[in-house]
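Q: One file is attached below, query.cif, containing mmCIF, C-alpha atoms and all ligand atoms.
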data_input
#
loop_
_atom_site.label_atom_id
_atom_site.label_comp_id
_atom_site.auth_asym_id
_atom_site.auth_seq_id
_atom_site.Cartn_x
_atom_site.Cartn_y
_atom_site.Cartn_z
CA MET R 1 -33.42 -218.38 167.27
CA SER R 2 -33.19 -220.94 164.47
CA ILE R 3 -30.06 -221.17 162.41
CA SER R 4 -28.18 -223.78 160.41
CA ARG R 5 -24.75 -224.79 161.56
CA ARG R 6 -23.36 -223.44 158.30
CA GLY R 7 -25.14 -220.19 159.00
CA PHE R 8 -23.85 -220.04 162.56
CA LEU R 9 -20.30 -220.73 161.46
CA GLN R 10 -20.53 -218.23 158.63
CA GLY R 11 -21.90 -215.71 161.06
CA THR R 12 -19.23 -216.27 163.63
CA GLY R 13 -16.29 -217.45 161.56
CA VAL R 14 -15.41 -220.00 164.20
CA VAL R 15 -15.53 -223.71 164.76
CA LEU R 16 -18.45 -224.89 166.86
CA VAL R 17 -17.39 -225.45 170.43
CA ALA R 18 -19.14 -226.93 173.40
CA SER R 19 -16.95 -225.65 176.16
CA LEU R 20 -15.61 -222.43 177.50
CA THR R 21 -12.09 -222.49 178.76
CA ALA R 22 -10.21 -220.05 180.89
CA ALA R 23 -6.99 -222.00 180.77
CA LYS R 24 -3.56 -220.62 180.00
CA GLU R 25 -3.78 -216.92 179.37
CA THR R 26 -1.88 -215.57 176.43
CA PRO R 27 -0.97 -211.95 177.11
CA ALA R 28 -1.92 -209.81 174.17
CA GLU R 29 0.53 -207.29 172.91
CA GLY R 30 0.22 -203.56 173.35
CA LEU R 31 -2.76 -202.89 175.52
CA HIS R 32 -2.02 -205.73 177.93
CA GLN R 33 1.33 -204.19 178.72
CA THR R 34 -0.52 -201.51 180.61
CA LEU R 35 -3.32 -203.58 182.10
CA PRO R 36 -4.52 -201.96 185.29
CA ALA R 37 -4.52 -203.73 188.63
CA ARG R 38 -8.29 -204.26 188.27
CA SER R 39 -7.45 -207.16 185.95
CA VAL R 40 -6.20 -209.14 188.94
CA ALA R 41 -8.90 -211.51 190.13
CA PRO R 42 -9.81 -211.84 193.82
CA SER R 43 -8.66 -215.46 193.82
CA ASN R 44 -6.09 -217.56 192.01
CA GLN R 45 -8.70 -219.89 190.53
CA LYS R 46 -9.11 -220.33 186.80
CA TRP R 47 -12.70 -220.62 185.67
CA VAL R 48 -14.13 -222.95 183.06
CA MET R 49 -17.75 -223.38 181.96
CA VAL R 50 -18.68 -226.55 180.13
CA ILE R 51 -21.88 -226.81 178.10
CA ASP R 52 -22.98 -230.31 177.15
CA LEU R 53 -24.84 -229.81 173.89
CA THR R 54 -26.16 -233.36 174.00
CA LYS R 55 -28.19 -232.42 177.09
CA CYS R 56 -29.36 -228.96 176.05
CA ASP R 57 -33.06 -229.07 175.14
CA GLY R 58 -33.26 -225.40 174.22
CA CYS R 59 -35.55 -224.52 177.12
CA GLY R 60 -34.02 -221.04 177.54
CA ASP R 61 -33.74 -221.23 181.34
CA CYS R 62 -30.13 -220.05 181.14
CA THR R 63 -31.13 -216.97 179.15
CA ARG R 64 -33.98 -216.09 181.50
CA GLY R 65 -31.90 -216.76 184.63
CA CYS R 66 -29.10 -214.56 183.38
CA LYS R 67 -31.49 -211.76 182.44
CA ALA R 68 -33.06 -211.86 185.90
CA MET R 69 -29.72 -211.92 187.72
CA HIS R 70 -28.28 -208.94 185.83
CA PHE R 71 -31.48 -207.02 184.95
CA VAL R 72 -30.44 -207.52 181.33
CA PRO R 73 -32.40 -205.10 179.10
CA PRO R 74 -35.21 -206.75 177.09
CA MET R 75 -33.47 -206.31 173.74
CA GLN R 76 -30.36 -208.18 174.92
CA GLU R 77 -29.49 -211.82 175.61
CA TRP R 78 -26.14 -212.31 177.32
CA ILE R 79 -26.71 -216.04 176.81
CA ARG R 80 -28.40 -216.79 173.49
CA VAL R 81 -29.73 -220.23 172.57
CA TYR R 82 -29.51 -221.09 168.90
CA GLU R 83 -31.46 -223.87 167.25
CA VAL R 84 -29.05 -225.52 164.85
CA GLU R 85 -30.03 -227.88 162.06
CA ASP R 86 -27.44 -229.75 160.04
CA ASN R 87 -29.61 -232.61 158.85
CA PRO R 88 -33.40 -232.23 158.63
CA ALA R 89 -33.79 -235.98 159.03
CA ALA R 90 -31.92 -235.91 162.34
CA GLY R 91 -33.77 -232.85 163.65
CA PRO R 92 -32.39 -229.74 165.29
CA TYR R 93 -30.15 -229.40 168.28
CA PHE R 94 -29.47 -226.44 170.52
CA LEU R 95 -26.41 -224.33 171.14
CA ALA R 96 -26.32 -222.09 174.21
CA ARG R 97 -23.84 -219.29 173.62
CA PRO R 98 -22.68 -217.09 176.48
CA CYS R 99 -19.46 -215.07 176.20
CA MET R 100 -16.75 -217.69 175.66
CA GLN R 101 -14.26 -215.83 177.94
CA CYS R 102 -11.69 -216.38 175.17
CA ASP R 103 -8.11 -217.17 176.12
CA ASN R 104 -6.73 -214.41 173.92
CA PRO R 105 -9.85 -212.30 173.43
CA PRO R 106 -10.00 -210.27 170.22
CA CYS R 107 -12.54 -207.98 171.86
CA VAL R 108 -9.95 -206.99 174.47
CA ARG R 109 -7.28 -206.43 171.85
CA GLY R 110 -9.71 -204.27 169.91
CA CYS R 111 -10.71 -201.94 172.74
CA PRO R 112 -8.86 -198.62 172.48
CA VAL R 113 -9.46 -197.55 176.07
CA GLY R 114 -9.10 -200.70 178.16
CA ALA R 115 -12.81 -200.80 178.97
CA THR R 116 -12.88 -204.55 178.44
CA PHE R 117 -10.11 -206.66 179.86
CA LYS R 118 -9.27 -210.19 180.95
CA ARG R 119 -8.73 -210.93 184.61
CA THR R 120 -6.13 -213.33 185.90
CA ASP R 121 -8.89 -215.88 186.58
CA GLY R 122 -9.87 -215.84 182.90
CA ILE R 123 -13.02 -213.73 183.12
CA VAL R 124 -13.38 -211.05 180.45
CA MET R 125 -14.84 -208.01 182.17
CA MET R 126 -16.55 -204.81 181.05
CA ASP R 127 -16.08 -201.41 182.65
CA GLN R 128 -18.99 -199.19 181.63
CA GLU R 129 -17.26 -196.20 183.20
CA ARG R 130 -14.55 -196.45 180.56
CA CYS R 131 -16.51 -197.65 177.54
CA ILE R 132 -16.78 -194.94 174.88
CA GLY R 133 -19.26 -196.89 172.75
CA CYS R 134 -17.08 -197.28 169.68
CA ARG R 135 -18.32 -200.90 169.24
CA ASN R 136 -14.99 -202.14 167.95
CA CYS R 137 -15.15 -205.00 170.44
CA MET R 138 -18.43 -206.10 168.86
CA ALA R 139 -16.81 -206.12 165.44
CA GLN R 140 -13.95 -208.23 166.78
CA CYS R 141 -16.02 -210.83 168.67
CA PRO R 142 -16.36 -213.96 166.52
CA TYR R 143 -19.36 -215.20 168.52
CA GLY R 144 -21.59 -212.16 168.39
CA ALA R 145 -21.59 -212.25 172.19
CA ARG R 146 -21.78 -208.50 172.76
CA SER R 147 -24.68 -206.08 172.64
CA PHE R 148 -24.87 -202.30 172.36
CA ASN R 149 -27.37 -200.11 174.13
CA TRP R 150 -28.52 -197.74 171.40
CA GLY R 151 -31.03 -196.10 173.70
CA GLU R 152 -31.62 -195.67 177.40
CA PRO R 153 -32.55 -199.15 178.66
CA PRO R 154 -35.71 -199.55 180.72
CA HIS R 155 -34.92 -199.70 184.40
CA THR R 156 -36.42 -201.32 187.44
CA PRO R 157 -36.31 -199.81 190.94
CA ALA R 158 -34.28 -202.81 192.12
CA GLU R 159 -31.64 -202.18 189.45
CA LEU R 160 -31.47 -198.46 190.13
CA SER R 161 -31.17 -199.02 193.87
CA GLN R 162 -27.64 -200.34 193.36
CA PRO R 163 -24.53 -198.25 192.69
CA TYR R 164 -22.78 -199.17 189.44
CA SER R 165 -20.34 -202.02 189.75
CA MET R 166 -18.33 -203.82 187.09
CA GLU R 167 -19.24 -207.04 188.85
CA TYR R 168 -22.94 -206.48 188.14
CA ASN R 169 -22.68 -204.26 185.05
CA TYR R 170 -25.79 -202.40 186.08
CA PRO R 171 -27.50 -199.98 186.32
CA HIS R 172 -27.48 -200.29 182.56
CA ARG R 173 -26.83 -197.23 180.49
CA LYS R 174 -27.12 -195.86 176.98
CA GLY R 175 -24.18 -195.91 174.57
CA VAL R 176 -22.11 -198.77 175.98
CA VAL R 177 -21.47 -202.42 175.15
CA GLU R 178 -22.55 -205.24 177.44
CA LYS R 179 -22.02 -208.99 177.59
CA CYS R 180 -21.97 -212.06 179.82
CA ILE R 181 -19.47 -211.48 182.64
CA PHE R 182 -19.63 -214.89 184.40
CA CYS R 183 -21.28 -213.49 187.55
CA PRO R 184 -18.05 -212.22 189.15
CA HIS R 185 -19.93 -210.99 192.22
CA LEU R 186 -20.92 -214.59 192.93
CA LEU R 187 -17.37 -215.84 192.32
CA ARG R 188 -16.13 -213.27 194.82
CA ALA R 189 -18.60 -214.64 197.35
CA GLY R 190 -17.30 -218.16 196.79
CA LYS R 191 -20.30 -219.19 194.71
CA LEU R 192 -20.76 -220.43 191.18
CA PRO R 193 -22.35 -218.33 188.42
CA HIS R 194 -26.11 -218.02 188.65
CA ARG R 195 -27.52 -221.51 188.32
CA THR R 196 -30.63 -222.53 186.53
CA ARG R 197 -32.21 -225.93 186.03
CA CYS R 198 -29.18 -227.24 184.13
CA GLY R 199 -26.37 -224.85 185.10
CA LEU R 200 -23.30 -226.76 186.21
CA PRO R 201 -20.30 -224.40 186.07
CA VAL R 202 -17.08 -225.91 187.40
CA ALA R 203 -13.83 -224.40 188.68
S1 LIG R 301 -17.41 -200.21 172.71
FE1 LIG R 301 -16.49 -199.89 174.74
S2 LIG R 301 -15.62 -201.88 175.35
FE2 LIG R 301 -16.06 -201.97 173.13
S3 LIG R 301 -14.09 -201.40 172.14
FE3 LIG R 301 -15.30 -199.50 172.33
S4 LIG R 301 -14.66 -198.62 174.31
FE4 LIG R 301 -13.97 -200.77 174.30
S1 LIG R 302 -16.93 -211.05 173.92
FE1 LIG R 302 -16.52 -212.45 172.21
S2 LIG R 302 -14.30 -212.21 171.77
FE2 LIG R 302 -14.69 -211.33 173.79
S3 LIG R 302 -14.23 -212.98 175.24
FE3 LIG R 302 -16.45 -213.06 174.83
S4 LIG R 302 -16.70 -214.50 173.11
FE4 LIG R 302 -14.50 -213.93 173.20
#
Let's see the structure in the file written out as structure tokens.
A:
Amino acid sequence: MSISRRGFLQGTGVVLVASLTAAKETPAEGLHQTLPARSVAPSNQKWVMVIDLTKCDGCGDCTRGCKAMHFVPPMQEWIRVYEVEDNPAAGPYFLARPCMQCDNPPCVRGCPVGATFKRTDGIVMMDQERCIGCRNCMAQCPYGARSFNWGEPPHTPAELSQPYSMEYNYPHRKGVVEKCIFCPHLLRAGKLPHRTRCGLPVA
């Protein structure tokens, strides 16, 4: 996807960033006062993902790897790679955009039913069993990092063979919002998020 930096910033309303931080958590008001125990992570680690834009060549391996790991429906990209051009003489550069796992996530504050929430390790999760499909979280996300399943997504036997789990967010279903969830099933197993040619997540 080609876009100018001005266009990206206008579209997101944010300053371009090259890193995701899950540092100090700022408890939101209201909803967070009643956060369920599920928000407690299985470990006391805080997770950070750093993306070095100077090394990204826009190959799309991260997008394809993520889609394969989570059976992401064809119309979605939990990690989207933008081609950004500020100066035609300098040429384009690439911006890989997963969910930023925001410190004080507006998507979480905007969810009326607690279907999306931030764990103590910084990961912003989605619970499809609770999501009512109102899409307010999408309206609140400044990065456009969420997708809505307007129709029944195509399924594979491998996807359908699994019971639903928040840590996979599949089998996918109609009428809910989805996004990058930092591979929490791998974190639970003591592994890093799904790695591709250039994936170097750090804890
Ligand atoms: S679409 Fe789902 S996750 Fe998003 S705000 Fe509505 S209920 Fe919450
Ligand atoms: S979905 Fe958007 S607002 Fe929510 S944590 Fe991810 S980047 Fe931040």
Q: Return as a tab-separated table the residues of chain R lying at most 10 Å from ligand LIG 302 (chain R), together with the closest atom-to-atom pair for each and the distance in Å to one decimal, counting only C-alpha atoms and all ligand atoms, with rows in chain order and ascending residue number.
A:
residue	atom	partner	partner_atom	distance
R:Thr12	CA	R:LIG302	FE1	9.8
R:Leu20	CA	R:LIG302	S4	9.1
R:Ala22	CA	R:LIG302	S3	9.9
R:Trp78	CA	R:LIG302	S1	9.9
R:Arg97	CA	R:LIG302	S4	8.6
R:Pro98	CA	R:LIG302	S4	7.3
R:Cys99	CA	R:LIG302	FE3	3.9
R:Met100	CA	R:LIG302	S4	4.1
R:Gln101	CA	R:LIG302	S3	3.9
R:Cys102	CA	R:LIG302	FE4	4.2
R:Asp103	CA	R:LIG302	S3	7.5
R:Asn104	CA	R:LIG302	S3	7.7
R:Pro105	CA	R:LIG302	S2	4.8
R:Pro106	CA	R:LIG302	S2	5.0
R:Cys107	CA	R:LIG302	FE2	4.4
R:Val108	CA	R:LIG302	FE2	6.5
R:Arg109	CA	R:LIG302	FE2	9.1
R:Gly110	CA	R:LIG302	S2	9.4
R:Thr116	CA	R:LIG302	FE2	8.4
R:Phe117	CA	R:LIG302	S3	8.8
R:Lys118	CA	R:LIG302	S3	8.1
R:Gly122	CA	R:LIG302	S3	9.3
R:Ile123	CA	R:LIG302	S3	8.0
R:Val124	CA	R:LIG302	S3	5.6
R:Met125	CA	R:LIG302	S3	8.5
R:Met126	CA	R:LIG302	S1	9.5
R:Cys137	CA	R:LIG302	FE2	7.2
R:Met138	CA	R:LIG302	S1	7.2
R:Ala139	CA	R:LIG302	S2	9.1
R:Gln140	CA	R:LIG302	S2	6.4
R:Cys141	CA	R:LIG302	S2	3.8
R:Pro142	CA	R:LIG302	FE1	5.9
R:Tyr143	CA	R:LIG302	S4	5.4
R:Gly144	CA	R:LIG302	FE1	6.4
R:Ala145	CA	R:LIG302	FE1	5.1
R:Arg146	CA	R:LIG302	S1	5.6
R:Ser147	CA	R:LIG302	S1	9.3
R:Val177	CA	R:LIG302	S1	9.8
R:Glu178	CA	R:LIG302	S1	8.8
R:Lys179	CA	R:LIG302	S1	6.6
R:Cys180	CA	R:LIG302	FE3	7.5
R:Ile181	CA	R:LIG302	FE3	8.5
Q: Have a look at R:Leu53, R:Val40, R:Phe71, R:Thr63 and name the one nearest to Leu95 (chain R); count only C-alpha atoms.
A: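 Among R:Leu53, R:Val40, R:Phe71, R:Thr63, it is R:Leu53 that comes nearest to Leu95 (chain R).
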Q: What does the list of residues within 6 Å of ligand LIG 301 (chain R) look like if you count all atoms listed in the file, written as a PyMOL selection string?
A: chain R and resi 110-113+115-116+131-137+176-177
Q: Taking all atoms listed in the file into account, name the residue in R:Trp47, R:Trp150, R:Tyr164, R:Phe94 that is nearest to Pro184 (chain R).
A: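 Closest to Pro184 (chain R), using all atoms listed in the file: R:Trp47.
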Q: Which one is closest to Tyr168 (chain R): R:Val81, R:Met75, R:Ala41, R:Met69? Count only C-alpha atoms.
A: R:Met69
Q: What separation in Å, quoted to one decimal, exists between CA of Ile51 (chain R) and CA of Asp86 (chain R)?
A: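 Answer for the CA of Ile51 (chain R) to CA of Asp86 (chain R) separation: 19.1 Å.
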Q: Got a sec: who's within 8 Å of Pro193 (chain R), counting all atoms listed in the file, leaving out chain neighbours fewer than 3 positions off, as a list in words?
A: Phe182, Cys183, Pro184, Leu186, Leu187 and Pro201 of chain R
Q: Given the choices R:Gln162, R:Gln128, R:Gln76, R:Thr120, which gets closest to Gln45 (chain R) if the distance is worked out from all atoms listed in the file?
A: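 Using all atoms listed in the file, Gln45 (chain R) sits closest to R:Thr120.
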Q: Would you work out the distance separating CA of Arg173 (chain R) from CA of Pro153 (chain R), expressed in Å to one decimal?
A: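 Computed distance, CA of Arg173 (chain R) to CA of Pro153 (chain R), equals 6.3 Å.
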Q: For CA of Lys46 (chain R) and CA of Arg188 (chain R), quote the distance in Å rounded to one decimal.
A: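 Interatomic distance here is 12.8 Å.
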Q: Between R:His70, R:His155, R:His172, R:Arg80, which residue has the minimum interatomic distance to His185 (chain R), considering only C-alpha atoms?
A: R:His70
Q: Residues within 8 Å of Cys66 (chain R), please, as a list in words. Count only C-alpha atoms; anything in the same chain fewer than 5 positions from it doesn't count.
A: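 Returned residues: Val72, Trp78, Ile79 and His194 of chain R.
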Q: Got time to write the residues from that selection, C-alpha atoms, as a PDB file, in the coordinates of the input?
A:
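Done, and the output landed in again_12.pdb:
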ATOM      1  CA  VAL R  72     -30.440-207.520 181.330  1.00  0.00           C
ATOM      2  CA  TRP R  78     -26.140-212.310 177.320  1.00  0.00           C
ATOM      3  CA  ILE R  79     -26.710-216.040 176.810  1.00  0.00           C
ATOM      4  CA  HIS R 194     -26.110-218.020 188.650  1.00  0.00           C
TER       5      HIS R 194
END
Q: Give me region 121-134 of chain R from this structure - all heavy atoms, as a PDB file, in the first residue's frame.
A:
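Result file is decode04.pdb:
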ATOM      1  N   ASP R 121       1.028  -7.525  31.059  1.00  0.00           N
ATOM      2  CA  ASP R 121       2.295  -7.534  30.314  1.00  0.00           C
ATOM      3  C   ASP R 121       2.273  -6.579  29.126  1.00  0.00           C
ATOM      4  O   ASP R 121       3.194  -6.568  28.315  1.00  0.00           O
ATOM      5  CB  ASP R 121       2.648  -8.952  29.836  1.00  0.00           C
ATOM      6  CG  ASP R 121       1.637  -9.523  28.853  1.00  0.00           C
ATOM      7  OD1 ASP R 121       0.609  -8.872  28.594  1.00  0.00           O
ATOM      8  OD2 ASP R 121       1.881 -10.634  28.343  1.00  0.00           O
ATOM      9  N   GLY R 122       1.215  -5.798  28.985  1.00  0.00           N
ATOM     10  CA  GLY R 122       1.160  -4.772  27.955  1.00  0.00           C
ATOM     11  C   GLY R 122       0.437  -5.166  26.692  1.00  0.00           C
ATOM     12  O   GLY R 122       0.210  -4.332  25.818  1.00  0.00           O
ATOM     13  N   ILE R 123       0.063  -6.431  26.555  1.00  0.00           N
ATOM     14  CA  ILE R 123      -0.591  -6.884  25.329  1.00  0.00           C
ATOM     15  C   ILE R 123      -2.071  -6.505  25.358  1.00  0.00           C
ATOM     16  O   ILE R 123      -2.761  -6.746  26.345  1.00  0.00           O
ATOM     17  CB  ILE R 123      -0.450  -8.413  25.164  1.00  0.00           C
ATOM     18  CG1 ILE R 123       1.012  -8.838  25.287  1.00  0.00           C
ATOM     19  CG2 ILE R 123      -1.033  -8.849  23.821  1.00  0.00           C
ATOM     20  CD1 ILE R 123       1.945  -8.143  24.357  1.00  0.00           C
ATOM     21  N   VAL R 124      -2.531  -5.905  24.272  1.00  0.00           N
ATOM     22  CA  VAL R 124      -3.947  -5.554  24.140  1.00  0.00           C
ATOM     23  C   VAL R 124      -4.660  -6.721  23.461  1.00  0.00           C
ATOM     24  O   VAL R 124      -4.349  -7.065  22.315  1.00  0.00           O
ATOM     25  CB  VAL R 124      -4.121  -4.252  23.340  1.00  0.00           C
ATOM     26  CG1 VAL R 124      -5.597  -3.949  23.115  1.00  0.00           C
ATOM     27  CG2 VAL R 124      -3.448  -3.086  24.082  1.00  0.00           C
ATOM     28  N   MET R 125      -5.568  -7.324  24.183  1.00  0.00           N
ATOM     29  CA  MET R 125      -6.210  -8.554  23.730  1.00  0.00           C
ATOM     30  C   MET R 125      -7.608  -8.284  23.179  1.00  0.00           C
ATOM     31  O   MET R 125      -8.195  -7.231  23.398  1.00  0.00           O
ATOM     32  CB  MET R 125      -6.313  -9.533  24.910  1.00  0.00           C
ATOM     33  CG  MET R 125      -4.977  -9.987  25.459  1.00  0.00           C
ATOM     34  SD  MET R 125      -4.172 -11.190  24.397  1.00  0.00           S
ATOM     35  CE  MET R 125      -5.171 -12.650  24.741  1.00  0.00           C
ATOM     36  N   MET R 126      -8.132  -9.291  22.485  1.00  0.00           N
ATOM     37  CA  MET R 126      -9.505  -9.266  21.972  1.00  0.00           C
ATOM     38  C   MET R 126     -10.223 -10.530  22.423  1.00  0.00           C
ATOM     39  O   MET R 126      -9.666 -11.618  22.317  1.00  0.00           O
ATOM     40  CB  MET R 126      -9.494  -9.244  20.434  1.00  0.00           C
ATOM     41  CG  MET R 126      -9.489  -7.894  19.787  1.00  0.00           C
ATOM     42  SD  MET R 126     -10.901  -6.845  20.219  1.00  0.00           S
ATOM     43  CE  MET R 126     -12.306  -7.892  19.806  1.00  0.00           C
ATOM     44  N   ASP R 127     -11.428 -10.358  22.928  1.00  0.00           N
ATOM     45  CA  ASP R 127     -12.248 -11.507  23.300  1.00  0.00           C
ATOM     46  C   ASP R 127     -13.466 -11.535  22.379  1.00  0.00           C
ATOM     47  O   ASP R 127     -14.414 -10.760  22.556  1.00  0.00           O
ATOM     48  CB  ASP R 127     -12.686 -11.387  24.760  1.00  0.00           C
ATOM     49  CG  ASP R 127     -13.467 -12.617  25.229  1.00  0.00           C
ATOM     50  OD1 ASP R 127     -13.830 -13.447  24.378  1.00  0.00           O
ATOM     51  OD2 ASP R 127     -13.721 -12.723  26.441  1.00  0.00           O
ATOM     52  N   GLN R 128     -13.418 -12.429  21.388  1.00  0.00           N
ATOM     53  CA  GLN R 128     -14.512 -12.487  20.412  1.00  0.00           C
ATOM     54  C   GLN R 128     -15.814 -12.976  21.036  1.00  0.00           C
ATOM     55  O   GLN R 128     -16.887 -12.749  20.474  1.00  0.00           O
ATOM     56  CB  GLN R 128     -14.119 -13.403  19.240  1.00  0.00           C
ATOM     57  CG  GLN R 128     -12.783 -13.099  18.602  1.00  0.00           C
ATOM     58  CD  GLN R 128     -12.720 -11.728  17.944  1.00  0.00           C
ATOM     59  OE1 GLN R 128     -13.589 -10.899  18.152  1.00  0.00           O
ATOM     60  NE2 GLN R 128     -11.696 -11.479  17.180  1.00  0.00           N
ATOM     61  N   GLU R 129     -15.725 -13.622  22.187  1.00  0.00           N
ATOM     62  CA  GLU R 129     -16.951 -14.063  22.847  1.00  0.00           C
ATOM     63  C   GLU R 129     -17.718 -12.871  23.418  1.00  0.00           C
ATOM     64  O   GLU R 129     -18.924 -12.957  23.639  1.00  0.00           O
ATOM     65  CB  GLU R 129     -16.612 -15.051  23.984  1.00  0.00           C
ATOM     66  CG  GLU R 129     -15.865 -16.302  23.551  1.00  0.00           C
ATOM     67  CD  GLU R 129     -16.769 -17.312  22.847  1.00  0.00           C
ATOM     68  OE1 GLU R 129     -17.974 -17.051  22.724  1.00  0.00           O
ATOM     69  OE2 GLU R 129     -16.240 -18.360  22.420  1.00  0.00           O
ATOM     70  N   ARG R 130     -17.029 -11.791  23.678  1.00  0.00           N
ATOM     71  CA  ARG R 130     -17.688 -10.614  24.250  1.00  0.00           C
ATOM     72  C   ARG R 130     -18.000  -9.535  23.231  1.00  0.00           C
ATOM     73  O   ARG R 130     -18.859  -8.688  23.471  1.00  0.00           O
ATOM     74  CB  ARG R 130     -16.793  -9.986  25.331  1.00  0.00           C
ATOM     75  CG  ARG R 130     -16.709 -10.786  26.602  1.00  0.00           C
ATOM     76  CD  ARG R 130     -16.114  -9.940  27.705  1.00  0.00           C
ATOM     77  NE  ARG R 130     -16.035 -10.697  28.940  1.00  0.00           N
ATOM     78  CZ  ARG R 130     -15.973 -10.156  30.139  1.00  0.00           C
ATOM     79  NH1 ARG R 130     -15.970  -8.840  30.267  1.00  0.00           N
ATOM     80  NH2 ARG R 130     -15.906 -10.910  31.209  1.00  0.00           N
ATOM     81  N   CYS R 131     -17.240  -9.513  22.143  1.00  0.00           N
ATOM     82  CA  CYS R 131     -17.386  -8.437  21.163  1.00  0.00           C
ATOM     83  C   CYS R 131     -18.812  -8.420  20.606  1.00  0.00           C
ATOM     84  O   CYS R 131     -19.336  -9.449  20.188  1.00  0.00           O
ATOM     85  CB  CYS R 131     -16.376  -8.620  20.037  1.00  0.00           C
ATOM     86  SG  CYS R 131     -16.484  -7.348  18.759  1.00  0.00           S
ATOM     87  N   ILE R 132     -19.415  -7.226  20.594  1.00  0.00           N
ATOM     88  CA  ILE R 132     -20.773  -7.082  20.062  1.00  0.00           C
ATOM     89  C   ILE R 132     -20.758  -6.418  18.689  1.00  0.00           C
ATOM     90  O   ILE R 132     -21.809  -6.097  18.136  1.00  0.00           O
ATOM     91  CB  ILE R 132     -21.659  -6.277  21.026  1.00  0.00           C
ATOM     92  CG1 ILE R 132     -21.070  -4.878  21.285  1.00  0.00           C
ATOM     93  CG2 ILE R 132     -21.871  -7.044  22.324  1.00  0.00           C
ATOM     94  CD1 ILE R 132     -21.958  -3.964  22.131  1.00  0.00           C
ATOM     95  N   GLY R 133     -19.560  -6.152  18.165  1.00  0.00           N
ATOM     96  CA  GLY R 133     -19.456  -5.650  16.800  1.00  0.00           C
ATOM     97  C   GLY R 133     -19.835  -4.192  16.608  1.00  0.00           C
ATOM     98  O   GLY R 133     -20.136  -3.783  15.482  1.00  0.00           O
ATOM     99  N   CYS R 134     -19.762  -3.415  17.664  1.00  0.00           N
ATOM    100  CA  CYS R 134     -20.168  -2.003  17.541  1.00  0.00           C
ATOM    101  C   CYS R 134     -19.136  -1.177  16.765  1.00  0.00           C
ATOM    102  O   CYS R 134     -19.442  -0.108  16.262  1.00  0.00           O
ATOM    103  CB  CYS R 134     -20.397  -1.390  18.918  1.00  0.00           C
ATOM    104  SG  CYS R 134     -18.891  -1.219  19.909  1.00  0.00           S
TER     105      CYS R 134
END
